[in-house]
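K.L.:
Pasting target15.cif below, which is mmCIF, C-alpha atoms.
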```cif
data_structure
#
loop_
_atom_site.label_atom_id
_atom_site.label_comp_id
_atom_site.auth_asym_id
_atom_site.auth_seq_id
_atom_site.Cartn_x
_atom_site.Cartn_y
_atom_site.Cartn_z
CA MET A 1 79.60 21.15 -69.02
CA THR A 2 78.61 22.16 -65.52
CA ASP A 3 81.40 22.78 -63.03
CA ALA A 4 79.12 22.49 -59.99
CA ARG A 5 80.54 20.41 -57.15
CA PHE A 6 78.85 19.04 -54.01
CA GLU A 7 80.47 18.17 -50.72
CA LEU A 8 79.77 14.94 -48.87
CA ARG A 9 80.74 14.28 -45.27
CA PRO A 10 81.07 10.93 -43.52
CA ILE A 11 78.15 10.17 -41.17
CA ALA A 12 79.74 6.90 -40.00
CA ILE A 13 82.75 4.65 -40.58
CA ILE A 14 82.62 0.88 -41.21
CA GLU A 15 84.42 -1.43 -38.78
CA SER A 16 84.85 -4.74 -40.56
CA PRO A 17 87.14 -7.77 -40.45
CA LEU A 18 87.54 -7.18 -44.22
CA THR A 19 90.79 -5.30 -44.58
CA ASP A 20 92.13 -6.50 -47.90
CA LEU A 21 90.45 -4.82 -50.86
CA ALA A 22 91.73 -7.48 -53.25
CA ALA A 23 90.20 -10.26 -51.14
CA ALA A 24 86.89 -8.48 -50.54
CA PRO A 25 83.83 -10.14 -52.10
CA LYS A 26 82.22 -8.15 -54.92
CA GLN A 27 78.70 -8.64 -53.56
CA ALA A 28 77.32 -9.17 -50.05
CA HIS A 29 76.04 -12.70 -50.78
CA GLU A 30 79.51 -13.83 -51.81
CA GLY A 31 80.74 -14.37 -48.27
CA ALA A 32 80.89 -10.80 -46.93
CA PRO A 33 81.02 -10.54 -43.14
CA GLU A 34 78.81 -8.67 -40.68
CA ALA A 35 80.20 -5.27 -39.68
CA TRP A 36 79.71 -2.31 -37.37
CA LEU A 37 78.74 1.17 -38.51
CA VAL A 38 80.20 3.66 -36.03
CA PHE A 39 78.27 6.94 -36.31
CA GLU A 40 79.68 10.43 -35.88
CA PRO A 41 78.66 12.04 -32.56
CA ASP A 42 76.89 14.97 -34.22
CA VAL A 43 74.43 12.84 -36.27
CA LEU A 44 73.21 10.49 -33.51
CA GLU A 45 69.78 12.19 -33.43
CA ALA A 46 69.27 11.17 -37.06
CA MET A 47 69.41 7.46 -35.98
CA ASP A 48 66.28 7.87 -33.87
CA GLY A 49 63.59 5.46 -35.12
CA LEU A 50 65.99 2.83 -36.50
CA ARG A 51 65.55 -0.58 -34.87
CA ALA A 52 67.12 -4.03 -34.95
CA GLY A 53 65.39 -5.98 -37.71
CA ASP A 54 64.96 -2.98 -40.04
CA GLU A 55 66.10 -3.39 -43.65
CA ILE A 56 68.13 -0.38 -44.73
CA VAL A 57 70.21 0.87 -47.62
CA VAL A 58 73.70 1.94 -46.59
CA LEU A 59 75.41 4.38 -48.97
CA THR A 60 79.21 4.28 -48.80
CA TRP A 61 81.98 6.37 -50.32
CA LEU A 62 84.35 3.94 -52.04
CA ASP A 63 87.37 6.12 -51.44
CA ARG A 64 89.89 3.77 -53.07
CA ALA A 65 88.06 3.65 -56.41
CA ASP A 66 89.48 5.11 -59.62
CA ARG A 67 87.09 7.91 -60.65
CA ASP A 68 88.53 8.34 -64.15
CA ILE A 69 87.59 4.88 -65.43
CA LEU A 70 84.41 5.02 -67.55
CA ARG A 71 84.40 1.50 -69.04
CA VAL A 72 85.24 -1.85 -67.40
CA HIS A 73 85.05 -5.59 -67.80
CA PRO A 74 82.11 -6.48 -65.51
CA ARG A 75 83.35 -8.15 -62.32
CA SER A 76 86.95 -7.68 -63.56
CA ASP A 77 86.34 -10.72 -65.79
CA VAL A 78 88.29 -10.12 -68.99
CA THR A 79 86.18 -12.73 -70.81
CA GLN A 80 83.21 -10.35 -70.46
CA PRO A 81 83.00 -7.51 -72.99
CA ILE A 82 84.05 -4.10 -71.70
CA ARG A 83 81.17 -1.71 -71.09
CA GLY A 84 80.20 1.56 -69.44
CA VAL A 85 80.41 1.69 -65.64
CA PHE A 86 76.81 2.98 -65.32
CA SER A 87 75.60 -0.45 -66.51
CA THR A 88 77.72 -2.18 -63.83
CA ARG A 89 78.19 -2.06 -60.06
CA SER A 90 81.93 -1.49 -60.39
CA PRO A 91 83.39 0.79 -57.69
CA ALA A 92 85.21 2.61 -60.51
CA ARG A 93 82.87 5.43 -61.61
CA PRO A 94 82.81 9.26 -61.60
CA ASN A 95 81.18 9.36 -58.14
CA PRO A 96 82.11 6.14 -56.31
CA ILE A 97 79.01 5.71 -54.15
CA GLY A 98 78.27 2.14 -53.04
CA LEU A 99 74.74 0.86 -52.30
CA HIS A 100 74.39 -1.96 -49.77
CA GLU A 101 71.08 -3.49 -48.64
CA VAL A 102 71.53 -4.85 -45.13
CA GLN A 103 69.54 -5.68 -42.03
CA ILE A 104 70.17 -3.96 -38.71
CA LEU A 105 71.19 -6.67 -36.23
CA ALA A 106 71.71 -4.48 -33.15
CA ILE A 107 72.12 -0.85 -32.08
CA ASP A 108 74.35 0.11 -29.17
CA GLY A 109 74.53 3.89 -28.85
CA ALA A 110 76.51 5.21 -31.80
CA ARG A 111 77.30 1.67 -33.03
CA MET A 112 75.05 -0.29 -35.37
CA ARG A 113 75.67 -3.95 -36.23
CA VAL A 114 74.60 -4.88 -39.75
CA SER A 115 74.36 -8.09 -41.78
CA ALA A 116 76.80 -9.08 -44.56
CA ILE A 117 78.30 -6.03 -46.25
CA GLU A 118 81.01 -6.00 -48.95
CA ALA A 119 82.89 -2.89 -47.80
CA VAL A 120 86.37 -2.89 -46.28
CA ASP A 121 87.31 -1.66 -42.83
CA GLY A 122 87.46 2.13 -42.65
CA THR A 123 85.05 2.79 -45.53
CA PRO A 124 83.10 6.02 -44.95
CA VAL A 125 79.30 5.85 -44.83
CA VAL A 126 77.47 8.85 -46.32
CA ASP A 127 73.78 7.97 -45.82
CA VAL A 128 71.36 5.42 -44.38
CA LYS A 129 67.77 5.06 -45.65
CA PRO A 130 64.87 2.60 -45.42
CA VAL A 131 64.90 0.14 -48.36
CA LEU A 132 62.77 1.10 -51.37
CA HIS A 133 60.98 -2.24 -51.48
CA PRO A 134 60.73 -3.97 -48.10
CA VAL A 135 60.87 -7.76 -48.54
CA MET B 1 84.82 13.40 -35.37
CA THR B 2 86.35 13.02 -38.79
CA ASP B 3 86.71 16.14 -40.92
CA ALA B 4 87.14 14.22 -44.18
CA ARG B 5 85.10 15.57 -47.09
CA PHE B 6 84.39 14.04 -50.51
CA GLU B 7 83.57 15.89 -53.70
CA LEU B 8 80.70 14.87 -55.98
CA ARG B 9 80.25 16.13 -59.51
CA PRO B 10 77.07 16.08 -61.61
CA ILE B 11 77.07 13.38 -64.30
CA ALA B 12 73.70 14.52 -65.67
CA ILE B 13 70.90 17.02 -65.07
CA ILE B 14 67.18 16.18 -64.90
CA GLU B 15 64.83 17.84 -67.38
CA SER B 16 61.34 17.49 -65.96
CA PRO B 17 57.98 19.25 -66.20
CA LEU B 18 58.10 19.27 -62.38
CA THR B 19 59.32 22.74 -61.48
CA ASP B 20 57.56 23.47 -58.21
CA LEU B 21 59.23 21.77 -55.26
CA ALA B 22 56.16 22.29 -53.05
CA ALA B 23 53.92 20.57 -55.62
CA ALA B 24 56.32 17.68 -56.33
CA PRO B 25 55.11 14.23 -55.30
CA LYS B 26 57.07 12.66 -52.44
CA GLN B 27 57.37 9.29 -54.19
CA ALA B 28 57.43 8.27 -57.85
CA HIS B 29 54.15 6.32 -57.68
CA GLU B 30 52.32 9.40 -56.44
CA GLY B 31 51.89 10.96 -59.88
CA ALA B 32 55.48 11.84 -60.76
CA PRO B 33 56.09 12.47 -64.47
CA GLU B 34 58.57 10.90 -66.89
CA ALA B 35 61.74 12.93 -67.35
CA TRP B 36 64.94 13.24 -69.35
CA LEU B 37 68.41 12.74 -67.91
CA VAL B 38 70.84 14.89 -69.92
CA PHE B 39 74.37 13.51 -69.46
CA GLU B 40 77.56 15.53 -69.35
CA PRO B 41 79.64 15.18 -72.54
CA ASP B 42 82.68 13.77 -70.73
CA VAL B 43 80.84 10.75 -69.19
CA LEU B 44 79.03 9.48 -72.30
CA GLU B 45 81.31 6.42 -72.51
CA ALA B 46 80.04 5.32 -69.11
CA MET B 47 76.50 4.96 -70.58
CA ASP B 48 77.67 2.21 -72.94
CA GLY B 49 75.68 -0.98 -72.24
CA LEU B 50 72.55 0.76 -70.95
CA ARG B 51 69.45 -0.06 -73.01
CA ALA B 52 65.77 0.91 -73.18
CA GLY B 53 63.92 -1.44 -70.83
CA ASP B 54 66.70 -1.63 -68.23
CA GLU B 55 65.73 -1.01 -64.60
CA ILE B 56 68.20 1.37 -62.98
CA VAL B 57 68.77 3.27 -59.77
CA VAL B 58 69.30 7.00 -60.32
CA LEU B 59 71.14 8.81 -57.52
CA THR B 60 70.36 12.53 -57.33
CA TRP B 61 71.77 15.40 -55.31
CA LEU B 62 68.80 17.12 -53.67
CA ASP B 63 70.44 20.52 -53.72
CA ARG B 64 67.55 22.39 -52.12
CA ALA B 65 67.42 20.19 -49.02
CA ASP B 66 68.28 21.46 -45.55
CA ARG B 67 71.35 19.47 -44.43
CA ASP B 68 71.17 20.55 -40.79
CA ILE B 69 67.84 18.89 -40.03
CA LEU B 70 68.34 15.57 -38.21
CA ARG B 71 64.74 14.79 -37.16
CA VAL B 72 61.49 15.24 -39.09
CA HIS B 73 57.81 14.35 -39.14
CA PRO B 74 57.70 11.58 -41.78
CA ARG B 75 56.15 12.89 -45.03
CA SER B 76 55.85 16.35 -43.39
CA ASP B 77 52.76 14.98 -41.61
CA VAL B 78 52.68 16.62 -38.17
CA THR B 79 50.34 13.91 -36.87
CA GLN B 80 53.23 11.45 -37.24
CA PRO B 81 55.81 11.43 -34.43
CA ILE B 82 59.07 13.19 -35.19
CA ARG B 83 62.00 10.86 -35.81
CA GLY B 84 65.53 10.65 -37.16
CA VAL B 85 66.00 11.30 -40.86
CA PHE B 86 67.94 8.04 -41.39
CA SER B 87 64.68 6.12 -40.74
CA THR B 88 62.88 8.21 -43.38
CA ARG B 89 63.27 9.14 -47.04
CA SER B 90 63.11 12.87 -46.27
CA PRO B 91 65.35 15.00 -48.54
CA ALA B 92 66.52 16.75 -45.36
CA ARG B 93 69.60 14.80 -44.16
CA PRO B 94 73.35 15.40 -43.75
CA ASN B 95 74.08 14.23 -47.32
CA PRO B 96 70.95 14.81 -49.41
CA ILE B 97 71.29 11.95 -51.89
CA GLY B 98 68.04 10.76 -53.47
CA LEU B 99 67.50 7.17 -54.70
CA HIS B 100 65.06 6.64 -57.55
CA GLU B 101 64.27 3.28 -59.18
CA VAL B 102 63.19 3.90 -62.76
CA GLN B 103 63.04 2.16 -66.12
CA ILE B 104 64.92 3.46 -69.16
CA LEU B 105 62.33 4.30 -71.82
CA ALA B 106 64.67 5.54 -74.55
CA ILE B 107 68.24 6.67 -75.14
CA ASP B 108 69.06 9.36 -77.71
CA GLY B 109 72.77 10.21 -77.58
CA ALA B 110 73.42 12.01 -74.30
CA ARG B 111 69.68 12.06 -73.41
CA MET B 112 67.95 9.26 -71.54
CA ARG B 113 64.18 9.15 -71.07
CA VAL B 114 63.12 7.52 -67.78
CA SER B 115 59.83 6.50 -66.18
CA ALA B 116 58.16 8.41 -63.31
CA ILE B 117 60.71 10.19 -61.13
CA GLU B 118 59.97 12.55 -58.22
CA ALA B 119 62.79 15.04 -58.79
CA VAL B 120 62.32 18.61 -59.96
CA ASP B 121 63.68 20.15 -63.14
CA GLY B 122 67.38 20.98 -62.86
CA THR B 123 68.18 18.38 -60.18
CA PRO B 124 71.76 17.08 -60.56
CA VAL B 125 72.29 13.33 -61.06
CA VAL B 126 75.41 11.89 -59.42
CA ASP B 127 75.27 8.18 -60.38
CA VAL B 128 73.33 5.55 -62.33
CA LYS B 129 73.51 1.82 -61.48
CA PRO B 130 71.65 -1.40 -62.27
CA VAL B 131 68.94 -2.13 -59.64
CA LEU B 132 69.99 -4.40 -56.77
CA HIS B 133 67.02 -6.72 -57.20
CA PRO B 134 65.69 -6.86 -60.75
CA VAL B 135 61.91 -7.44 -60.76
#
```
Step by step, read the file and then write its structure as structure tokens.
P.N.:
Amino acid sequence: MTDARFELRPIAIIESPLTDLAAAPKQAHEGAPEAWLVFEPDVLEAMDGLRAGDEIVVLTWLDRADRDILRVHPRSDVTQPIRGVFSTRSPARPNPIGLHEVQILAIDGARMRVSAIEAVDGTPVVDVKPVLHPV
Amino acid sequence: MTDARFELRPIAIIESPLTDLAAAPKQAHEGAPEAWLVFEPDVLEAMDGLRAGDEIVVLTWLDRADRDILRVHPRSDVTQPIRGVFSTRSPARPNPIGLHEVQILAIDGARMRVSAIEAVDGTPVVDVKPVLHPV
């Protein structure tokens, strides 16, 4: 077993009206609100080229997730058979990285407004990329 | 600026005939080969429920990337204007996480064969998820 470890740093923090993890929707289309991504001052150059209207993938660090859980009931629904977390989008997983496809609504300096995103207020963002398959 | 840091661990390592970073295709459809993902013994339970035929997103840690580069010529093409890495898929970025959409071709214990993937031999894998938008 490899004991290599890699260090992530936050590039932005999410400002969202979603503050209650228990009440947060599991997926963006289930009523998640728009939110702001507030970027760290030392990565602002990396935002150059992003525009309102762009479809992006936001990678978050789900810092409240339990990293030791390897099998779950999908969507916390106990009527569904338990299975491995790699076949689900559960936040519980060895490396709790969240993927969120959103549209950029506006950019104001270090602040970026994005469409519906199912991440609670204060969630760290670790990367932003163009979507793999633009719609 | 926040000084929070998060620790990632490898969940698998890529075994690929691609060994030369300079010769590696930039995207999977540009001639990338099939590869094996070899999972760590202590996360095998998390693979439960994954099947040959499934479309998954593989998240890699691009450990040879330069994390201090914030602006690049897209696709290393100097005729293209330089721009921020968040608007590109360059491996150079503050947190060098790669996203790869692949299909599972076969599973043999801790080894998973996947379709074309543009990651070199020895690249650490940090997560596997179902695709956001199944085709």
K.L.:
If we count all atoms listed in the file, what is near Val38 of chain B at a cut-off of 9 Å, once residues fewer than 4 positions away on the same chain are taken out, given as number ranges by chain?
P.N.:
B: 11-15, 110-113
K.L.:
Write out as an mmCIF file with C-alpha atoms, keeping the file's coordinate frame which residues come within 7 Å of Leu99 of chain A when counting only C-alpha atoms, dropping same-chain ones fewer than 3 positions away.
P.N.:
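Printed below is part_9.cif as written:
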```
data_model
loop_
_atom_site.group_PDB
_atom_site.id
_atom_site.type_symbol
_atom_site.label_atom_id
_atom_site.label_comp_id
_atom_site.auth_asym_id
_atom_site.auth_seq_id
_atom_site.Cartn_x
_atom_site.Cartn_y
_atom_site.Cartn_z
ATOM 1 C CA VAL A 57 70.210 0.870 -47.620
ATOM 2 C CA VAL A 58 73.700 1.940 -46.590
ATOM 3 C CA LEU A 59 75.410 4.380 -48.970
ATOM 4 C CA THR A 60 79.210 4.280 -48.800
#
```
K.L.:
I would like the residues chosen by the PyMOL selection byres ((chain B) within 7 of (chain A)) on the shown file; could you give them as a ChimeraX atom specification?
P.N.:
/B:1,4-10,40-41,43,45-50,70-71,83-89,95,126-130
K.L.:
In the coordinate frame of the file, compute which residues have an atom within 10 Å of (72.4, -8.0, -37.9) when using all atoms listed in the file, and state them as a list in words.
P.N.:
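Checked against the point, the hits come out as Glu34, Ala35, Trp36, Ala52, Gly53, Asp54, Glu55, Val102, Gln103, Ile104, Leu105, Ala106, Ile107, Met112, Arg113, Val114, Ser115 and Ala116 of chain A.
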K.L.:
Find the distance between atom CA of Val78 of chain B and atom CA of Pro17 of chain B and write it in Å to one decimal.
P.N.:
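Rounded to one decimal, the two atoms are 28.6 Å apart.
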